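Text of the file final_10.cif, holding mmCIF, N, CA and C atoms:
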data_structure
#
loop_
_atom_site.label_atom_id
_atom_site.label_comp_id
_atom_site.auth_asym_id
_atom_site.auth_seq_id
_atom_site.Cartn_x
_atom_site.Cartn_y
_atom_site.Cartn_z
N MET A 1 109.78 92.97 82.81
CA MET A 1 109.87 93.72 84.03
C MET A 1 111.11 94.59 84.03
N ALA A 2 110.94 95.75 84.55
CA ALA A 2 112.07 96.67 84.63
C ALA A 2 113.06 96.19 85.67
N GLY A 3 114.32 96.44 85.43
CA GLY A 3 115.35 96.07 86.38
C GLY A 3 115.39 97.06 87.53
N VAL A 4 116.36 96.90 88.38
CA VAL A 4 116.52 97.80 89.51
C VAL A 4 116.80 99.20 88.98
N LEU A 5 115.99 100.16 89.41
CA LEU A 5 116.10 101.52 88.91
C LEU A 5 117.03 102.39 89.74
N LYS A 6 117.32 101.95 90.96
CA LYS A 6 118.06 102.81 91.86
C LYS A 6 119.03 101.99 92.70
N LYS A 7 120.02 102.67 93.25
CA LYS A 7 121.01 102.00 94.09
C LYS A 7 120.63 102.06 95.56
N THR A 8 119.84 103.06 95.93
CA THR A 8 119.43 103.24 97.32
C THR A 8 118.03 103.83 97.37
N THR A 9 117.33 103.57 98.47
CA THR A 9 116.01 104.16 98.66
C THR A 9 116.12 105.56 99.26
N GLY A 10 117.28 105.85 99.84
CA GLY A 10 117.45 107.13 100.52
C GLY A 10 116.84 107.11 101.92
N LEU A 11 116.34 105.95 102.33
CA LEU A 11 115.74 105.79 103.66
C LEU A 11 116.60 104.84 104.47
N VAL A 12 117.03 105.27 105.64
CA VAL A 12 117.91 104.46 106.49
C VAL A 12 117.20 103.16 106.86
N GLY A 13 117.90 102.05 106.64
CA GLY A 13 117.37 100.74 107.02
C GLY A 13 116.44 100.11 106.01
N LEU A 14 116.18 100.76 104.89
CA LEU A 14 115.28 100.22 103.88
C LEU A 14 116.05 99.99 102.58
N ALA A 15 116.40 98.74 102.34
CA ALA A 15 117.20 98.38 101.17
C ALA A 15 116.34 98.34 99.90
N VAL A 16 116.98 98.48 98.77
CA VAL A 16 116.31 98.38 97.48
C VAL A 16 115.90 96.93 97.24
N CYS A 17 114.67 96.73 96.79
CA CYS A 17 114.18 95.39 96.47
C CYS A 17 114.41 95.14 94.98
N GLU A 18 115.08 94.03 94.68
CA GLU A 18 115.39 93.72 93.28
C GLU A 18 114.22 93.10 92.53
N THR A 19 113.28 92.49 93.26
CA THR A 19 112.12 91.86 92.62
C THR A 19 110.83 92.31 93.32
N PRO A 20 110.49 93.59 93.18
CA PRO A 20 109.33 94.11 93.91
C PRO A 20 107.99 93.51 93.50
N HIS A 21 107.81 93.23 92.20
CA HIS A 21 106.54 92.67 91.75
C HIS A 21 106.30 91.30 92.38
N GLU A 22 107.32 90.47 92.33
CA GLU A 22 107.20 89.13 92.91
C GLU A 22 106.94 89.20 94.40
N ARG A 23 107.68 90.06 95.08
CA ARG A 23 107.54 90.20 96.54
C ARG A 23 106.13 90.67 96.90
N LEU A 24 105.62 91.66 96.18
CA LEU A 24 104.27 92.16 96.46
C LEU A 24 103.20 91.13 96.14
N ARG A 25 103.36 90.40 95.04
CA ARG A 25 102.39 89.35 94.71
C ARG A 25 102.32 88.30 95.82
N ILE A 26 103.47 87.90 96.32
CA ILE A 26 103.53 86.91 97.40
C ILE A 26 102.85 87.46 98.66
N LEU A 27 103.21 88.68 99.04
CA LEU A 27 102.65 89.27 100.26
C LEU A 27 101.13 89.46 100.15
N TYR A 28 100.66 90.01 99.03
CA TYR A 28 99.23 90.23 98.87
C TYR A 28 98.46 88.91 98.84
N THR A 29 99.04 87.89 98.25
CA THR A 29 98.40 86.57 98.24
C THR A 29 98.32 86.00 99.66
N LYS A 30 99.39 86.16 100.43
CA LYS A 30 99.38 85.69 101.81
C LYS A 30 98.34 86.45 102.64
N ILE A 31 98.23 87.75 102.42
CA ILE A 31 97.22 88.53 103.14
C ILE A 31 95.83 88.01 102.81
N LEU A 32 95.56 87.80 101.53
CA LEU A 32 94.24 87.30 101.12
C LEU A 32 93.96 85.91 101.67
N ASP A 33 94.97 85.05 101.71
CA ASP A 33 94.80 83.72 102.30
C ASP A 33 94.47 83.81 103.78
N THR A 34 95.12 84.71 104.48
CA THR A 34 94.85 84.91 105.90
C THR A 34 93.44 85.46 106.11
N LEU A 35 93.04 86.40 105.26
CA LEU A 35 91.71 86.99 105.37
C LEU A 35 90.61 85.96 105.12
N ASP A 36 90.89 84.94 104.32
CA ASP A 36 89.91 83.89 104.05
C ASP A 36 89.50 83.15 105.32
N GLN A 37 90.33 83.21 106.34
CA GLN A 37 90.04 82.52 107.60
C GLN A 37 89.19 83.36 108.55
N ILE A 38 88.97 84.62 108.19
CA ILE A 38 88.16 85.54 108.99
C ILE A 38 86.74 85.51 108.46
N PRO A 39 85.73 85.60 109.34
CA PRO A 39 84.33 85.58 108.86
C PRO A 39 84.07 86.66 107.80
N LYS A 40 83.24 86.30 106.81
CA LYS A 40 82.97 87.20 105.69
C LYS A 40 82.31 88.51 106.11
N ASN A 41 81.58 88.51 107.22
CA ASN A 41 80.87 89.72 107.64
C ASN A 41 81.73 90.64 108.50
N ALA A 42 82.95 90.24 108.82
CA ALA A 42 83.85 91.08 109.63
C ALA A 42 84.30 92.28 108.82
N ALA A 43 84.17 93.47 109.39
CA ALA A 43 84.53 94.70 108.69
C ALA A 43 85.99 94.69 108.25
N TYR A 44 86.87 94.23 109.12
CA TYR A 44 88.30 94.20 108.77
C TYR A 44 88.53 93.38 107.51
N ARG A 45 87.90 92.22 107.42
CA ARG A 45 88.08 91.38 106.24
C ARG A 45 87.53 92.07 105.00
N LYS A 46 86.32 92.60 105.10
CA LYS A 46 85.68 93.22 103.94
C LYS A 46 86.56 94.30 103.31
N TYR A 47 86.99 95.23 104.14
CA TYR A 47 87.71 96.39 103.61
C TYR A 47 89.15 96.07 103.26
N THR A 48 89.80 95.26 104.05
CA THR A 48 91.19 94.89 103.75
C THR A 48 91.26 94.05 102.49
N GLU A 49 90.31 93.15 102.33
CA GLU A 49 90.26 92.31 101.13
C GLU A 49 90.06 93.17 99.88
N GLN A 50 89.18 94.13 99.97
CA GLN A 50 88.91 95.02 98.83
C GLN A 50 90.17 95.81 98.45
N ILE A 51 90.82 96.40 99.43
CA ILE A 51 92.01 97.21 99.18
C ILE A 51 93.15 96.34 98.65
N THR A 52 93.34 95.17 99.24
CA THR A 52 94.42 94.27 98.82
C THR A 52 94.20 93.78 97.39
N ASN A 53 92.97 93.44 97.05
CA ASN A 53 92.67 93.01 95.68
C ASN A 53 92.94 94.12 94.67
N GLU A 54 92.61 95.35 95.03
CA GLU A 54 92.87 96.49 94.15
C GLU A 54 94.38 96.66 93.93
N LYS A 55 95.14 96.59 95.01
CA LYS A 55 96.60 96.75 94.90
C LYS A 55 97.20 95.61 94.10
N LEU A 56 96.74 94.39 94.33
CA LEU A 56 97.26 93.23 93.61
C LEU A 56 96.98 93.36 92.11
N ALA A 57 95.82 93.85 91.76
CA ALA A 57 95.48 94.04 90.34
C ALA A 57 96.43 95.05 89.69
N VAL A 58 96.76 96.11 90.40
CA VAL A 58 97.68 97.12 89.87
C VAL A 58 99.08 96.52 89.70
N VAL A 59 99.51 95.74 90.68
CA VAL A 59 100.84 95.10 90.61
C VAL A 59 100.91 94.16 89.40
N LYS A 60 99.85 93.40 89.17
CA LYS A 60 99.84 92.46 88.04
C LYS A 60 99.78 93.18 86.69
N ALA A 61 99.12 94.35 86.66
CA ALA A 61 98.91 95.05 85.40
C ALA A 61 100.07 95.95 84.99
N GLU A 62 100.87 96.42 85.94
CA GLU A 62 101.92 97.40 85.63
C GLU A 62 103.32 96.81 85.83
N PRO A 63 104.03 96.52 84.73
CA PRO A 63 105.37 95.93 84.85
C PRO A 63 106.48 96.93 85.20
N ASP A 64 106.24 98.22 84.98
CA ASP A 64 107.26 99.23 85.24
C ASP A 64 107.18 99.68 86.70
N VAL A 65 108.30 99.60 87.41
CA VAL A 65 108.34 99.91 88.84
C VAL A 65 107.97 101.37 89.11
N LYS A 66 108.52 102.28 88.36
CA LYS A 66 108.24 103.71 88.58
C LYS A 66 106.77 104.02 88.35
N LYS A 67 106.19 103.48 87.29
CA LYS A 67 104.77 103.69 87.02
C LYS A 67 103.91 103.04 88.10
N LEU A 68 104.36 101.89 88.60
CA LEU A 68 103.65 101.21 89.67
C LEU A 68 103.62 102.07 90.93
N GLU A 69 104.76 102.66 91.27
CA GLU A 69 104.83 103.57 92.42
C GLU A 69 103.86 104.74 92.23
N ASP A 70 103.81 105.29 91.02
CA ASP A 70 102.93 106.42 90.74
C ASP A 70 101.45 106.03 90.85
N GLN A 71 101.10 104.84 90.37
CA GLN A 71 99.71 104.39 90.41
C GLN A 71 99.26 104.07 91.84
N LEU A 72 100.12 103.43 92.62
CA LEU A 72 99.75 103.08 93.99
C LEU A 72 99.71 104.30 94.90
N GLN A 73 100.56 105.28 94.63
CA GLN A 73 100.64 106.52 95.43
C GLN A 73 100.83 106.23 96.91
N LEU A 74 101.74 105.29 97.22
CA LEU A 74 102.02 104.91 98.60
C LEU A 74 103.49 105.08 98.94
N GLY A 75 104.21 105.85 98.13
CA GLY A 75 105.63 106.05 98.36
C GLY A 75 106.46 105.16 97.44
N GLN A 76 107.72 104.96 97.82
CA GLN A 76 108.61 104.10 97.05
C GLN A 76 108.12 102.65 97.16
N ILE A 77 108.46 101.84 96.19
CA ILE A 77 107.97 100.47 96.15
C ILE A 77 108.42 99.69 97.39
N GLU A 78 109.59 100.02 97.92
CA GLU A 78 110.08 99.36 99.12
C GLU A 78 109.21 99.71 100.33
N GLU A 79 108.68 100.93 100.34
CA GLU A 79 107.76 101.33 101.41
C GLU A 79 106.44 100.58 101.27
N VAL A 80 106.01 100.35 100.04
CA VAL A 80 104.78 99.59 99.78
C VAL A 80 104.96 98.16 100.28
N ILE A 81 106.13 97.59 100.03
CA ILE A 81 106.43 96.23 100.50
C ILE A 81 106.40 96.19 102.02
N LEU A 82 106.98 97.18 102.66
CA LEU A 82 106.97 97.25 104.12
C LEU A 82 105.54 97.36 104.66
N GLN A 83 104.72 98.16 104.00
CA GLN A 83 103.31 98.29 104.40
C GLN A 83 102.58 96.95 104.25
N ALA A 84 102.86 96.22 103.18
CA ALA A 84 102.23 94.92 102.96
C ALA A 84 102.67 93.92 104.03
N GLU A 85 103.95 93.95 104.40
CA GLU A 85 104.45 93.07 105.46
C GLU A 85 103.75 93.38 106.78
N ASN A 86 103.56 94.67 107.06
CA ASN A 86 102.86 95.07 108.28
C ASN A 86 101.39 94.66 108.26
N GLU A 87 100.77 94.75 107.11
CA GLU A 87 99.36 94.34 106.98
C GLU A 87 99.21 92.84 107.19
N LEU A 88 100.15 92.06 106.65
CA LEU A 88 100.13 90.62 106.84
C LEU A 88 100.28 90.29 108.32
N SER A 89 101.18 90.97 108.99
CA SER A 89 101.38 90.77 110.43
C SER A 89 100.09 91.10 111.20
N LEU A 90 99.45 92.21 110.83
CA LEU A 90 98.21 92.60 111.49
C LEU A 90 97.10 91.59 111.23
N ALA A 91 96.98 91.11 110.00
CA ALA A 91 95.94 90.13 109.67
C ALA A 91 96.10 88.87 110.51
N ARG A 92 97.34 88.44 110.70
CA ARG A 92 97.59 87.26 111.53
C ARG A 92 97.25 87.53 112.99
N LYS A 93 97.53 88.74 113.46
CA LYS A 93 97.17 89.10 114.85
C LYS A 93 95.66 89.17 115.01
N MET A 94 94.98 89.68 113.99
CA MET A 94 93.51 89.77 114.05
C MET A 94 92.90 88.37 114.18
N MET A 95 93.54 87.39 113.55
CA MET A 95 93.07 86.01 113.69
C MET A 95 93.13 85.55 115.15
N GLN A 96 94.14 85.97 115.86
CA GLN A 96 94.27 85.61 117.28
C GLN A 96 93.30 86.43 118.14
N TRP A 97 93.19 87.72 117.86
CA TRP A 97 92.38 88.62 118.69
C TRP A 97 90.88 88.41 118.50
N LYS A 98 90.45 88.05 117.29
CA LYS A 98 89.04 87.82 116.95
C LYS A 98 88.13 88.98 117.37
N PRO A 99 88.39 90.17 116.88
CA PRO A 99 87.57 91.33 117.29
C PRO A 99 86.13 91.26 116.80
N TRP A 100 85.80 90.35 115.91
CA TRP A 100 84.45 90.23 115.39
C TRP A 100 83.55 89.45 116.35
N GLU A 101 84.13 88.77 117.34
CA GLU A 101 83.33 88.01 118.29
C GLU A 101 82.69 88.96 119.30
N PRO A 102 81.55 88.55 119.90
CA PRO A 102 80.92 89.42 120.89
C PRO A 102 81.81 89.60 122.12
N LEU A 103 81.58 90.68 122.85
CA LEU A 103 82.35 90.95 124.06
C LEU A 103 82.10 89.85 125.10
N VAL A 104 83.10 89.56 125.90
CA VAL A 104 82.99 88.54 126.94
C VAL A 104 81.99 88.99 128.00
N GLU A 105 82.04 90.27 128.32
CA GLU A 105 81.08 90.84 129.26
C GLU A 105 80.60 92.17 128.71
N GLU A 106 79.50 92.65 129.23
CA GLU A 106 78.92 93.89 128.73
C GLU A 106 79.86 95.07 129.01
N ALA A 107 79.95 95.95 128.05
CA ALA A 107 80.81 97.14 128.19
C ALA A 107 80.23 98.07 129.24
N PRO A 108 81.11 98.76 129.99
CA PRO A 108 80.62 99.72 130.99
C PRO A 108 79.78 100.81 130.34
N THR A 109 78.87 101.38 131.09
CA THR A 109 78.01 102.45 130.61
C THR A 109 78.88 103.61 130.13
N ASN A 110 78.50 104.19 129.02
CA ASN A 110 79.18 105.34 128.42
C ASN A 110 80.59 105.05 127.90
N GLN A 111 80.98 103.79 127.80
CA GLN A 111 82.33 103.49 127.30
C GLN A 111 82.51 103.98 125.86
N TRP A 112 81.47 103.88 125.06
CA TRP A 112 81.56 104.24 123.64
C TRP A 112 81.04 105.63 123.37
N LYS A 113 80.77 106.41 124.42
CA LYS A 113 80.24 107.75 124.24
C LYS A 113 81.38 108.77 124.43
N TRP A 114 81.45 109.72 123.50
CA TRP A 114 82.48 110.74 123.60
C TRP A 114 81.95 112.05 123.07
N PRO A 115 82.13 113.16 123.67
CA PRO A 115 82.66 113.35 125.03
C PRO A 115 81.60 113.00 126.06
N ILE A 116 82.07 112.69 127.23
CA ILE A 116 81.16 112.27 128.31
C ILE A 116 80.57 113.50 128.96
#

How would this structure read if it were set down as structure tokens?
Amino acid sequence: MAGVLKKTTGLVGLAVCETPHERLRILYTKILDTLDQIPKNAAYRKYTEQITNEKLAVVKAEPDVKKLEDQLQLGQIEEVILQAENELSLARKMMQWKPWEPLVEEAPTNQWKWPI
């Protein structure tokens, strides 16, 4: 694995991560574990699981941080880590919200119609 390539990210409040591969592997694994608790037919699980598995495969396959950033095309590796942390937070919230369950009451007429 490549060592730390830079001293700063150039982004205020975003420190350089010394072990980005390890951090991303942990985060992506936690996201997948959380998604396992969501029903298989839920759209959020289907698409998030697919995207997370793709990203995890790239992280495992590419040991060079700069090349990893180029392959993921999501910004600096620290930004990718921040995005993964946010996705994990969202996945946990989705577990509480349960958007895949039916509505408690029927939606008002024309609620899903735009423009009215």

**Request:** Please report, as a ChimeraX atom specification, each residue of chain A to which DSSP assigns helix (DSSP H, G or I) when run on this structure's backbone.
**Result:** /A:20-35,43-61,65-72,77-97

**Asked** Which polymer residues have any atom within 8 Å of an atom of region 21-25 of chain A, counting only N, CA and C atoms, with same-chain residues fewer than 4 positions away left out, as a list in words?
**Response**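 The residues satisfying every condition are Cys17, Thr29, Lys30, Ile31, Lys55, Leu56, Val59, Lys60, Glu62, Pro63, Val65, Val80, Ile81 and Ala84 of chain A.
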
**Prompt:** Expressed in Å to a single decimal, how great is the separation between atom C of Glu18 (chain A) and atom C of Arg45 (chain A)?
**Reply:**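 About the pair atom C of Glu18 (chain A) and atom C of Arg45 (chain A): they are 29.5 Å apart.
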
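Using only C-alpha atoms, the smallest distance between any of A:Glu78, A:Glu54, A:Ile38, A:Leu27 and Thr8 (chain A) comes from A:Glu78.
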
**d(CA of Ala42 (chain A), CA of Trp100 (chain A)) in Å** = 5.9 Å

**Asked** Taking (114.0, 112.6, 102.6) in the file's coordinates as the center, which residues reach within 12 Å of it, counting only C-alpha atoms, put as a VMD selection string?
**Response** chain A and resid 9 to 12 75 to 76

**Between CA of Thr48 (chain A) and CA of Pro99 (chain A), distance in Å (one decimal)** =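 Value for the CA of Thr48 (chain A)-CA of Pro99 (chain A) distance: 14.5 Å.
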
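With only C-alpha atoms as the basis for measurement, A:Leu88 is the residue among A:Leu82, A:Leu88, A:Leu68, A:Leu103 that approaches Glu49 (chain A) most closely.
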
**Complete:** Of A:Lys7, A:Met94, A:Leu72, A:Asp36, the one nearest to Ala57 (chain A) when counting only C-alpha atoms is A:Leu72

As JSON, please: the centre and edge lengths in Å, to one decimal, of an axis-aligned box enclosing every listed atom of region 61-68 of chain A with 3 Å added on each side.
{"center_x": 103.7, "center_y": 99.2, "center_z": 87.8, "size_x": 15.6, "size_y": 15.7, "size_z": 12.2}

**Message:** Need the shell around Lys46 (chain A): protein/DNA/RNA residues with any atom at most 12 Å away, counting only C-alpha atoms. Skip same-chain ones fewer than 5 positions apart. Format as number ranges by chain?
**Reply:** A: 32, 35-36, 38-41, 51-53, 100

**Complete:** The residue from A:Ala43, A:Ala107, A:Val58, A:Pro102 with the smallest atom-to-atom distance to Asp70 (chain A), counting only C-alpha atoms, is A:Val58
